[in-house]
>>> print(open('coords-v2.pdb').read())   # PDB, C-alpha atoms
ATOM      1  CA  MET A 261     -20.712 -14.563 -12.625
ATOM      2  CA  ASN A 262     -17.606 -16.336 -11.442
ATOM      3  CA  PHE A 263     -15.402 -13.424 -10.523
ATOM      4  CA  PRO A 264     -11.939 -13.933  -8.973
ATOM      5  CA  HIS A 265     -11.808 -12.882  -5.331
ATOM      6  CA  VAL A 266      -8.799 -10.584  -5.189
ATOM      7  CA  PHE A 267      -9.777  -8.226  -2.375
ATOM      8  CA  THR A 268      -8.387 -10.429   0.392
ATOM      9  CA  LEU A 269      -6.009 -10.044   3.309
ATOM     10  CA  PRO A 270      -3.077 -11.911   1.651
ATOM     11  CA  ASN A 271      -3.307  -9.714  -1.438
ATOM     12  CA  CYS A 272      -3.337  -6.545   0.644
ATOM     13  CA  LEU A 273      -0.362  -7.762   2.665
ATOM     14  CA  ALA A 274       1.522  -8.747  -0.494
ATOM     15  CA  LEU A 275       0.836  -5.296  -1.933
ATOM     16  CA  SER A 276       2.178  -3.591   1.172
ATOM     17  CA  LEU A 277       5.219  -5.885   1.284
ATOM     18  CA  THR A 278       5.959  -5.090  -2.357
ATOM     19  CA  LEU A 279       5.714  -1.375  -1.584
ATOM     20  CA  VAL A 280       8.183  -1.774   1.273
ATOM     21  CA  LEU A 281      10.571  -3.688  -1.001
ATOM     22  CA  ILE A 282      10.299  -1.037  -3.733
ATOM     23  CA  GLY A 283      11.011   1.669  -1.178
ATOM     24  CA  SER A 284      13.990  -0.219   0.234
ATOM     25  CA  TYR A 285      15.378  -0.594  -3.285
ATOM     26  CA  GLY A 286      15.125   3.176  -3.642
ATOM     27  CA  VAL A 287      16.826   3.749  -0.288
ATOM     28  CA  PHE A 288      19.730   1.508  -1.271
ATOM     29  CA  ARG A 289      20.069   2.682  -4.837
ATOM     30  CA  ARG A 290      19.356   6.388  -5.098
ATOM     31  CA  ARG A 291      22.175   8.860  -4.531
ATOM     32  CA  SER A 292      20.230  12.035  -3.824
ATOM     33  CA  LEU A 293      19.080  12.512  -0.239
ATOM     34  CA  ILE A 294      15.705  13.837  -1.398
ATOM     35  CA  MET A 295      15.069  10.669  -3.381
ATOM     36  CA  ILE A 296      16.028   8.574  -0.342
ATOM     37  CA  LEU A 297      13.439  10.483   1.712
ATOM     38  CA  LEU A 298      10.835   9.902  -1.020
ATOM     39  CA  SER A 299      11.615   6.167  -0.970
ATOM     40  CA  VAL A 300      11.120   6.179   2.809
ATOM     41  CA  GLU A 301       7.686   7.702   2.172
ATOM     42  CA  VAL A 302       6.900   4.809  -0.193
ATOM     43  CA  MET A 303       7.897   2.344   2.548
ATOM     44  CA  LEU A 304       5.741   4.165   5.111
ATOM     45  CA  ASN A 305       2.825   4.004   2.698
ATOM     46  CA  GLY A 306       3.173   0.223   2.494
ATOM     47  CA  VAL A 307       3.307  -0.156   6.269
ATOM     48  CA  ASN A 308       0.189   2.001   6.726
ATOM     49  CA  LEU A 309      -1.649  -0.089   4.140
ATOM     50  CA  SER A 310      -0.783  -3.303   5.975
ATOM     51  CA  MET A 311      -2.039  -1.884   9.288
ATOM     52  CA  VAL A 312      -5.376  -0.734   7.904
ATOM     53  CA  SER A 313      -5.961  -3.976   5.986
ATOM     54  CA  PHE A 314      -5.225  -6.053   9.100
ATOM     55  CA  ASN A 315      -7.749  -3.999  10.996
ATOM     56  CA  PHE A 316     -10.440  -4.467   8.350
ATOM     57  CA  PHE A 317      -9.992  -8.193   7.798
ATOM     58  CA  ARG A 318      -9.028  -9.390  11.251
ATOM     59  CA  TRP A 319     -10.105  -7.039  14.053
ATOM     60  CA  GLY A 320     -13.360  -5.379  13.127
ATOM     61  CA  THR A 321     -14.193  -4.374  16.689
ATOM     62  CA  GLN A 322     -12.190  -1.152  17.021
ATOM     63  CA  GLU A 323     -10.410   1.278  14.684
ATOM     64  CA  SER A 324      -6.980   0.942  16.266
ATOM     65  CA  SER A 325      -5.179   1.079  12.959
ATOM     66  CA  HIS A 326      -6.796   4.367  11.947
ATOM     67  CA  TYR A 327      -5.335   5.696  15.134
ATOM     68  CA  LEU A 328      -1.905   4.270  14.357
ATOM     69  CA  TYR A 329      -2.198   5.724  10.868
ATOM     70  CA  MET A 330      -2.661   9.224  12.281
ATOM     71  CA  LEU A 331       0.323   8.631  14.570
ATOM     72  CA  SER A 332       2.339   7.473  11.600
ATOM     73  CA  ILE A 333       1.585  10.470   9.398
ATOM     74  CA  GLY A 334       2.440  12.749  12.306
ATOM     75  CA  VAL A 335       5.829  11.104  12.578
ATOM     76  CA  ALA A 336       6.210  11.206   8.792
ATOM     77  CA  ALA A 337       5.462  14.934   8.704
ATOM     78  CA  VAL A 338       8.042  15.693  11.401
ATOM     79  CA  GLU A 339      10.568  13.449   9.690
ATOM     80  CA  ALA A 340      10.024  15.170   6.352
ATOM     81  CA  ALA A 341      10.300  18.642   7.892
ATOM     82  CA  VAL A 342      13.514  17.912   9.802
ATOM     83  CA  GLY A 343      15.053  15.938   6.949
ATOM     84  CA  LEU A 344      14.285  18.586   4.353
ATOM     85  CA  SER A 345      15.644  21.387   6.540
ATOM     86  CA  MET A 346      18.824  19.338   6.991
ATOM     87  CA  ILE A 347      18.985  18.903   3.217
ATOM     88  CA  ILE A 348      18.631  22.656   2.708
ATOM     89  CA  VAL A 349      21.473  23.346   5.160
ATOM     90  CA  LEU A 350      23.663  20.740   3.442
ATOM     91  CA  PHE A 351      22.900  22.259   0.064
ATOM     92  CA  LYS A 352      23.745  25.753   1.319
ATOM     93  CA  ASN A 353      27.047  24.657   2.827
ATOM     94  CA  TYR A 354      28.313  22.099   0.312
ATOM     95  CA  ASN A 355      26.196  22.676  -2.819
ATOM     96  CA  ASP A 356      25.818  18.918  -3.027
ATOM     97  CA  ILE A 357      23.234  16.583  -1.518
ATOM     98  CA  THR A 358      24.472  13.225  -2.731
ATOM     99  CA  ARG A 359      24.901  10.296  -0.396
ATOM    100  CA  GLU A 360      28.668  10.226  -1.002
ATOM    101  CA  ARG A 361      29.124  13.830   0.148
ATOM    102  CA  VAL A 362      27.138  13.295   3.318
ATOM    103  CA  ALA A 363      29.189  10.201   4.146
ATOM    104  CA  HIS A 364      32.260  12.465   4.569
ATOM    105  CA  LEU A 365      30.720  15.253   6.625
ATOM    106  CA  GLY A 366      33.398  15.263   9.298
ATOM    107  CA  GLU A 367      36.263  15.773   6.867
ATOM    108  CA  ARG A 368      37.478  19.076   5.503
ATOM    109  CA  ALA A 369      36.084  19.777   2.081
TER     110      ALA A 369
ATOM    111  CA  MET B 126     -18.107 -12.328   2.575
ATOM    112  CA  PRO B 127     -20.012 -11.568  -0.622
ATOM    113  CA  VAL B 128     -17.889 -10.897  -3.669
ATOM    114  CA  SER B 129     -18.754  -7.627  -5.348
ATOM    115  CA  PRO B 130     -17.256  -7.257  -8.837
ATOM    116  CA  LEU B 131     -16.964  -3.484  -8.481
ATOM    117  CA  VAL B 132     -14.882  -3.794  -5.308
ATOM    118  CA  GLU B 133     -12.640  -6.447  -6.854
ATOM    119  CA  ILE B 134     -12.046  -4.464 -10.040
ATOM    120  CA  THR B 135     -11.367  -1.271  -8.097
ATOM    121  CA  PHE B 136      -8.911  -3.023  -5.812
ATOM    122  CA  ALA B 137      -7.063  -4.700  -8.692
ATOM    123  CA  LEU B 138      -6.756  -1.487 -10.713
ATOM    124  CA  SER B 139      -5.716   0.523  -7.654
ATOM    125  CA  ALA B 140      -3.081  -2.035  -6.695
ATOM    126  CA  ALA B 141      -1.662  -2.030 -10.212
ATOM    127  CA  LEU B 142      -1.569   1.774 -10.284
ATOM    128  CA  ILE B 143       0.070   1.940  -6.839
ATOM    129  CA  LEU B 144       2.768  -0.540  -7.836
ATOM    130  CA  ILE B 145       3.503   1.066 -11.210
ATOM    131  CA  SER B 146       3.722   4.616  -9.878
ATOM    132  CA  SER B 147       5.773   3.582  -6.822
ATOM    133  CA  LEU B 148       8.242   1.772  -9.099
ATOM    134  CA  ALA B 149       8.416   4.882 -11.254
ATOM    135  CA  VAL B 150       9.128   7.020  -8.154
ATOM    136  CA  VAL B 151      12.140   4.862  -7.370
ATOM    137  CA  LEU B 152      13.421   4.564 -10.940
ATOM    138  CA  ILE B 153      12.806   7.997 -12.479
ATOM    139  CA  LYS B 154      15.648  10.533 -12.587
ATOM    140  CA  ASN B 155      13.850  13.874 -12.276
ATOM    141  CA  PRO B 156      13.003  14.591  -8.581
ATOM    142  CA  VAL B 157      10.007  16.808  -9.365
ATOM    143  CA  ARG B 158       8.436  14.099 -11.499
ATOM    144  CA  ALA B 159       9.192  11.551  -8.776
ATOM    145  CA  THR B 160       7.318  13.659  -6.229
ATOM    146  CA  LEU B 161       4.345  14.082  -8.537
ATOM    147  CA  LEU B 162       4.342  10.326  -9.210
ATOM    148  CA  LEU B 163       4.341   9.685  -5.465
ATOM    149  CA  ILE B 164       1.271  11.929  -5.176
ATOM    150  CA  LEU B 165      -0.243   9.901  -8.023
ATOM    151  CA  SER B 166       0.433   6.703  -6.072
ATOM    152  CA  PHE B 167      -1.282   8.170  -2.989
ATOM    153  CA  LEU B 168      -4.598   8.659  -4.782
ATOM    154  CA  PRO B 169      -5.306   4.930  -5.438
ATOM    155  CA  THR B 170      -3.962   4.183  -1.963
ATOM    156  CA  SER B 171      -6.697   6.349  -0.520
ATOM    157  CA  LEU B 172      -9.160   4.472  -2.733
ATOM    158  CA  VAL B 173      -7.975   1.202  -1.179
ATOM    159  CA  TYR B 174      -8.419   2.738   2.281
ATOM    160  CA  ILE B 175     -11.986   3.638   1.378
ATOM    161  CA  LEU B 176     -12.542   0.039   0.246
ATOM    162  CA  LEU B 177     -11.192  -1.057   3.636
ATOM    163  CA  GLN B 178     -13.933   1.015   5.335
ATOM    164  CA  ALA B 179     -11.392   3.590   6.432
ATOM    165  CA  SER B 180     -12.809   6.597   4.638
ATOM    166  CA  PHE B 181     -11.446   9.115   7.116
ATOM    167  CA  VAL B 182      -7.977   7.625   6.690
ATOM    168  CA  GLY B 183      -8.374   7.891   2.920
ATOM    169  CA  ILE B 184      -9.312  11.550   3.191
ATOM    170  CA  LEU B 185      -6.348  12.147   5.516
ATOM    171  CA  GLN B 186      -4.090  10.450   2.993
ATOM    172  CA  ILE B 187      -5.062  12.976   0.343
ATOM    173  CA  LEU B 188      -5.337  16.051   2.555
ATOM    174  CA  VAL B 189      -2.330  15.632   4.816
ATOM    175  CA  TYR B 190      -0.005  13.318   2.941
ATOM    176  CA  ALA B 191      -0.494  14.342  -0.676
ATOM    177  CA  GLY B 192      -1.529  17.884   0.131
ATOM    178  CA  ALA B 193       0.884  18.943   2.856
ATOM    179  CA  ILE B 194       3.880  16.631   3.129
ATOM    180  CA  MET B 195       4.394  16.113  -0.596
ATOM    181  CA  MET B 196       3.894  19.839  -1.135
ATOM    182  CA  LEU B 197       6.824  20.368   1.255
ATOM    183  CA  PHE B 198       8.949  18.006  -0.828
ATOM    184  CA  THR B 199       7.995  19.735  -4.066
ATOM    185  CA  PHE B 200       8.729  23.130  -2.554
ATOM    186  CA  VAL B 201      12.183  22.104  -1.347
ATOM    187  CA  ILE B 202      13.071  20.403  -4.627
ATOM    188  CA  MET B 203      12.051  23.452  -6.616
ATOM    189  CA  MET B 204      13.911  25.739  -4.214
ATOM    190  CA  ILE B 205      17.299  24.020  -4.275
ATOM    191  CA  ASN B 206      16.906  22.633  -7.822
ATOM    192  CA  PRO B 207      19.594  19.919  -7.772
ATOM    193  CA  ALA B 208      21.145  19.966 -11.215
ATOM    194  CA  PRO B 209      22.065  16.606 -12.730
ATOM    195  CA  LYS B 210      25.815  16.314 -13.047
ATOM    196  CA  GLY B 211      27.142  15.079 -16.389
ATOM    197  CA  GLY B 212      30.430  13.253 -16.722
ATOM    198  CA  GLU B 213      33.288  15.366 -18.053
ATOM    199  CA  SER B 214      35.086  12.668 -20.045
ATOM    200  CA  PRO B 215      33.385   9.876 -21.999
ATOM    201  CA  LEU B 216      35.430   7.337 -20.073
ATOM    202  CA  ALA B 217      34.007   8.592 -16.769
ATOM    203  CA  GLY B 218      30.507   8.329 -18.235
ATOM    204  CA  VAL B 219      31.073   4.730 -19.277
ATOM    205  CA  GLU B 220      32.533   3.900 -15.881
ATOM    206  CA  SER B 221      29.664   5.500 -13.986
ATOM    207  CA  ALA B 222      27.173   3.746 -16.259
ATOM    208  CA  PHE B 223      28.889   0.435 -15.542
ATOM    209  CA  THR B 224      28.849   0.935 -11.785
ATOM    210  CA  GLY B 225      25.249   2.129 -12.019
ATOM    211  CA  LEU B 226      24.262  -0.963 -13.963
ATOM    212  CA  ARG B 227      26.075  -3.224 -11.530
ATOM    213  CA  GLY B 228      24.386  -1.531  -8.586
ATOM    214  CA  ALA B 229      20.985  -1.803 -10.262
ATOM    215  CA  VAL B 230      21.468  -5.516 -10.918
ATOM    216  CA  ILE B 231      22.620  -6.152  -7.344
ATOM    217  CA  GLY B 232      19.749  -4.139  -5.911
ATOM    218  CA  LEU B 233      17.139  -5.799  -8.097
ATOM    219  CA  LEU B 234      18.529  -9.216  -7.160
ATOM    220  CA  LEU B 235      18.455  -8.317  -3.474
ATOM    221  CA  VAL B 236      14.903  -6.985  -3.551
ATOM    222  CA  GLY B 237      13.708  -9.748  -5.902
ATOM    223  CA  VAL B 238      15.143 -12.519  -3.737
ATOM    224  CA  ALA B 239      13.681 -10.931  -0.616
ATOM    225  CA  GLY B 240      10.295 -10.664  -2.319
ATOM    226  CA  ALA B 241      10.421 -14.211  -3.674
ATOM    227  CA  LEU B 242      11.258 -15.488  -0.199
ATOM    228  CA  LEU B 243       8.801 -13.338   1.743
ATOM    229  CA  ILE B 244       5.672 -13.127  -0.392
ATOM    230  CA  PRO B 245       4.893 -16.911  -0.356
ATOM    231  CA  GLN B 246       5.403 -16.845   3.403
ATOM    232  CA  VAL B 247       2.933 -13.974   3.665
ATOM    233  CA  TYR B 248       0.357 -15.908   1.645
ATOM    234  CA  ARG B 249       0.941 -19.076   3.687
ATOM    235  CA  ALA B 250       0.658 -17.294   7.019
ATOM    236  CA  ALA B 251      -2.335 -15.189   6.005
ATOM    237  CA  ALA B 252      -4.185 -18.251   4.693
ATOM    238  CA  GLN B 253      -4.103 -19.713   8.203
ATOM    239  CA  LEU B 254      -5.677 -16.629   9.753
ATOM    240  CA  PRO B 255      -9.456 -16.856   9.901
ATOM    241  CA  VAL B 256     -11.156 -13.784   8.489
ATOM    242  CA  GLU B 257     -13.177 -11.928  11.088
ATOM    243  CA  PRO B 258     -15.242  -9.328   9.285
ATOM    244  CA  VAL B 259     -16.186  -5.983  10.723
ATOM    245  CA  THR B 260     -18.684  -6.236  13.538
ATOM    246  CA  LYS B 261     -18.662  -2.737  14.976
ATOM    247  CA  PRO B 262     -21.556  -0.593  13.748
ATOM    248  CA  GLY B 263     -20.322   2.579  12.089
ATOM    249  CA  PHE B 264     -16.806   1.220  11.653
ATOM    250  CA  GLY B 265     -14.446   3.853  10.289
ATOM    251  CA  GLU B 266     -16.901   6.704  10.549
ATOM    252  CA  LEU B 267     -15.747  10.022  11.897
ATOM    253  CA  SER B 268     -17.909   9.900  15.025
ATOM    254  CA  SER B 269     -16.641   6.448  15.891
ATOM    255  CA  ILE B 270     -12.980   7.468  15.458
ATOM    256  CA  ALA B 271     -13.539  10.652  17.445
ATOM    257  CA  ALA B 272     -15.138   8.723  20.300
ATOM    258  CA  MET B 273     -12.076   6.489  20.411
ATOM    259  CA  LEU B 274      -9.660   9.408  20.036
ATOM    260  CA  PHE B 275     -10.937  11.300  23.070
ATOM    261  CA  GLU B 276     -11.577   8.327  25.291
ATOM    262  CA  ASP B 277     -10.430   8.101  28.882
ATOM    263  CA  PRO B 278      -6.764   7.023  28.816
ATOM    264  CA  SER B 279      -7.482   4.324  31.411
ATOM    265  CA  ASN B 280      -9.693   2.624  28.836
ATOM    266  CA  ASN B 281      -7.498   3.181  25.828
ATOM    267  CA  PRO B 282      -3.797   3.839  26.441
ATOM    268  CA  LEU B 283      -3.288   4.802  22.814
ATOM    269  CA  THR B 284      -4.799   8.240  23.435
ATOM    270  CA  VAL B 285      -1.767   9.295  25.492
ATOM    271  CA  SER B 286       0.557   8.435  22.625
ATOM    272  CA  PHE B 287      -1.560  10.535  20.295
ATOM    273  CA  GLU B 288      -1.167  13.539  22.564
ATOM    274  CA  LEU B 289       2.572  12.900  22.743
ATOM    275  CA  ILE B 290       2.776  13.514  18.973
ATOM    276  CA  SER B 291       2.432  17.217  19.767
ATOM    277  CA  PHE B 292       5.711  17.101  21.690
ATOM    278  CA  LEU B 293       7.337  15.393  18.739
ATOM    279  CA  ILE B 294       6.100  18.155  16.434
ATOM    280  CA  LEU B 295       7.426  20.742  18.905
ATOM    281  CA  VAL B 296      10.848  19.083  18.815
ATOM    282  CA  GLY B 297      10.670  19.061  15.023
ATOM    283  CA  ILE B 298       9.886  22.791  14.939
ATOM    284  CA  ILE B 299      12.816  23.566  17.242
ATOM    285  CA  ALA B 300      15.144  21.411  15.149
ATOM    286  CA  ALA B 301      14.047  23.002  11.882
ATOM    287  CA  LEU B 302      14.436  26.515  13.348
ATOM    288  CA  ASN B 303      17.881  25.602  14.633
ATOM    289  CA  PHE B 304      18.932  24.320  11.239
ATOM    290  CA  SER B 305      17.648  27.381   9.431
ATOM    291  CA  ARG B 306      19.360  29.843  11.782
ATOM    292  CA  ARG B 307      22.142  31.822  10.182
ATOM    293  CA  LYS B 308      25.664  31.625  11.512
ATOM    294  CA  GLY B 309      25.941  35.311  12.403
ATOM    295  CA  ALA B 310      22.743  35.276  14.428
ATOM    296  CA  ALA B 311      23.887  32.869  17.123
ATOM    297  CA  PRO B 312      26.433  34.897  19.181
ATOM    298  CA  ALA B 313      24.260  37.994  19.474
ATOM    299  CA  LYS B 314      21.458  35.960  20.954
ATOM    300  CA  VAL B 315      23.775  34.308  23.491
ATOM    301  CA  ASP B 316      25.172  37.685  24.542
ATOM    302  CA  SER B 317      21.729  39.124  25.047
ATOM    303  CA  ILE B 318      20.754  36.174  27.192
ATOM    304  CA  SER B 319      23.873  36.257  29.373
ATOM    305  CA  THR B 320      23.375  39.959  30.295
ATOM    306  CA  ARG B 321      26.882  40.529  31.551
ATOM    307  CA  PRO B 322      27.359  44.079  32.872
ATOM    308  CA  THR B 323      30.450  44.727  30.746
ATOM    309  CA  GLU B 324      28.445  44.327  27.572
ATOM    310  CA  THR B 325      25.655  46.534  26.418
ATOM    311  CA  LEU B 326      22.478  44.933  25.221
ATOM    312  CA  PRO B 327      22.213  44.880  21.436
ATOM    313  CA  VAL B 328      20.209  47.763  20.082
ATOM    314  CA  ILE B 329      17.628  46.698  17.564
ATOM    315  CA  LYS B 330      18.202  48.737  14.444
ATOM    316  CA  ARG B 331      17.358  48.171  10.853
ATOM    317  CA  GLU B 332      20.793  48.974   9.452
ATOM    318  CA  PRO B 333      23.344  46.307  10.304
ATOM    319  CA  ALA B 334      26.234  48.767   9.920
ATOM    320  CA  LEU B 335      25.050  50.822  12.869
ATOM    321  CA  ASP B 336      25.254  47.823  15.176
ATOM    322  CA  ARG B 337      29.029  47.518  14.899
ATOM    323  CA  LYS B 338      30.187  50.798  16.346
ATOM    324  CA  PRO B 339      33.833  50.892  17.417
ATOM    325  CA  ALA B 340      33.970  50.876  21.214
TER     326      ALA B 340
END
>>> encode(input="coords-v2.pdb", output="structure tokens")
Amino acid sequence: MNFPHVFTLPNCLALSLTLVLIGSYGVFRRRSLIMILLSVEVMLNGVNLSMVSFNFFRWGTQESSHYLYMLSIGVAAVEAAVGLSMIIVLFKNYNDITRERVAHLGERA
Amino acid sequence: MPVSPLVEITFALSAALILISSLAVVLIKNPVRATLLLILSFLPTSLVYILLQASFVGILQILVYAGAIMMLFTFVIMMINPAPKGGESPLAGVESAFTGLRGAVIGLLLVGVAGALLIPQVYRAAAQLPVEPVTKPGFGELSSIAAMLFEDPSNNPLTVSFELISFLILVGIIAALNFSRRKGAAPAKVDSISTRPTETLPVIKREPALDRKPA
């Protein structure tokens, strides 16, 4: 059976690059801060996928990328916690979490 | 490397599902649905990790990422419930729709051009890399990862950075507590720390009215 060989390193890297591009589109386009944080999570997902696929296809001697993945989700958890608590404080003070409101934080409302 | 049809089909379907649900996360309006779609995109991602012989990473993706971090997002979104703001006048609606459309076109052009420039380069560069398949016995198994995780730092300097994550989490806890502190709570704490003799220490009582006795 002549089956196309799609499970390759270039396809995995193209998938992760596309995820990063989709996430960057969300970061540039969305107005709500929560949606910007979600788009950052999409980008992080793409980066993690590229690390693990590099490790499987290129360096099969040690699981360094699994290690870096755990590091990365630790950083992502802290980032989500701090960012969401900042969003809650902004919502309590200004009742508005759009990008435009946060751009004028120093001014008097 | 032998080509297994099951692996190829699983990878292709997972990649399609990841791309579709990630696009929907970015494009959909409702934040709760966006969070649930992001969880949906994490499930095939963990399947791809399992195909990449990283089963522990795949389990972590579901347990920690989809289970804990996305739960935090869902909780916050449901707590503050950001209401969508409608335009008051029809002219404002048309104007905002026009600027939204213009922004969408510019963004899609930007991302599309970046993708069209970068993806062929990725294929060209990755085609020159020789594939070195996995040689380590028990690659990606829990015992193998644990042996690497608790290795002597002189052999593997990455272990120190993993321990340093705990300090980062500590800083995150302090920052989140500081953000969530109420405005009235700050001065009382400072006064109790300074312990100046002219001021009495605050008496802990349940009723807040009893705290503010006229001197």
>>> resolve_selection(input="coords-v2.pdb", expression="the PyMOL selection byres ((chain A and resi 277-292) around 9)", output="ChimeraX atom specification")
/A:272-276,293-307,310,356-360 /B:143-144,147-148,150-152,207,225,228-229,232-233,235-237,239-240,243-244,247
>>> resolve_selection(input="coords-v2.pdb", expression="the PyMOL selection byres ((chain B and resi 287) around 12)", output="ChimeraX atom specification")
/A:324,326-335 /B:273-276,278,281-286,288-294
>>> closest_residue(input="coords-v2.pdb", among="B:Val230, B:Ile164, B:Pro156, B:Ala271", to="chain A", atoms="all atoms listed in the file")
B:Pro156
>>> atom_distance(input="coords-v2.pdb", atom1="atom CA of Arg306 of chain B", atom2="atom CA of Ser345 of chain A")
10.6 Å
>>> atom_distance(input="coords-v2.pdb", atom1="atom CA of Ile299 of chain B", atom2="atom CA of Ile202 of chain B")
22.1 Å
>>> atom_distance(input="coords-v2.pdb", atom1="atom CA of Ala250 of chain B", atom2="atom CA of Ser325 of chain A")
20.2 Å
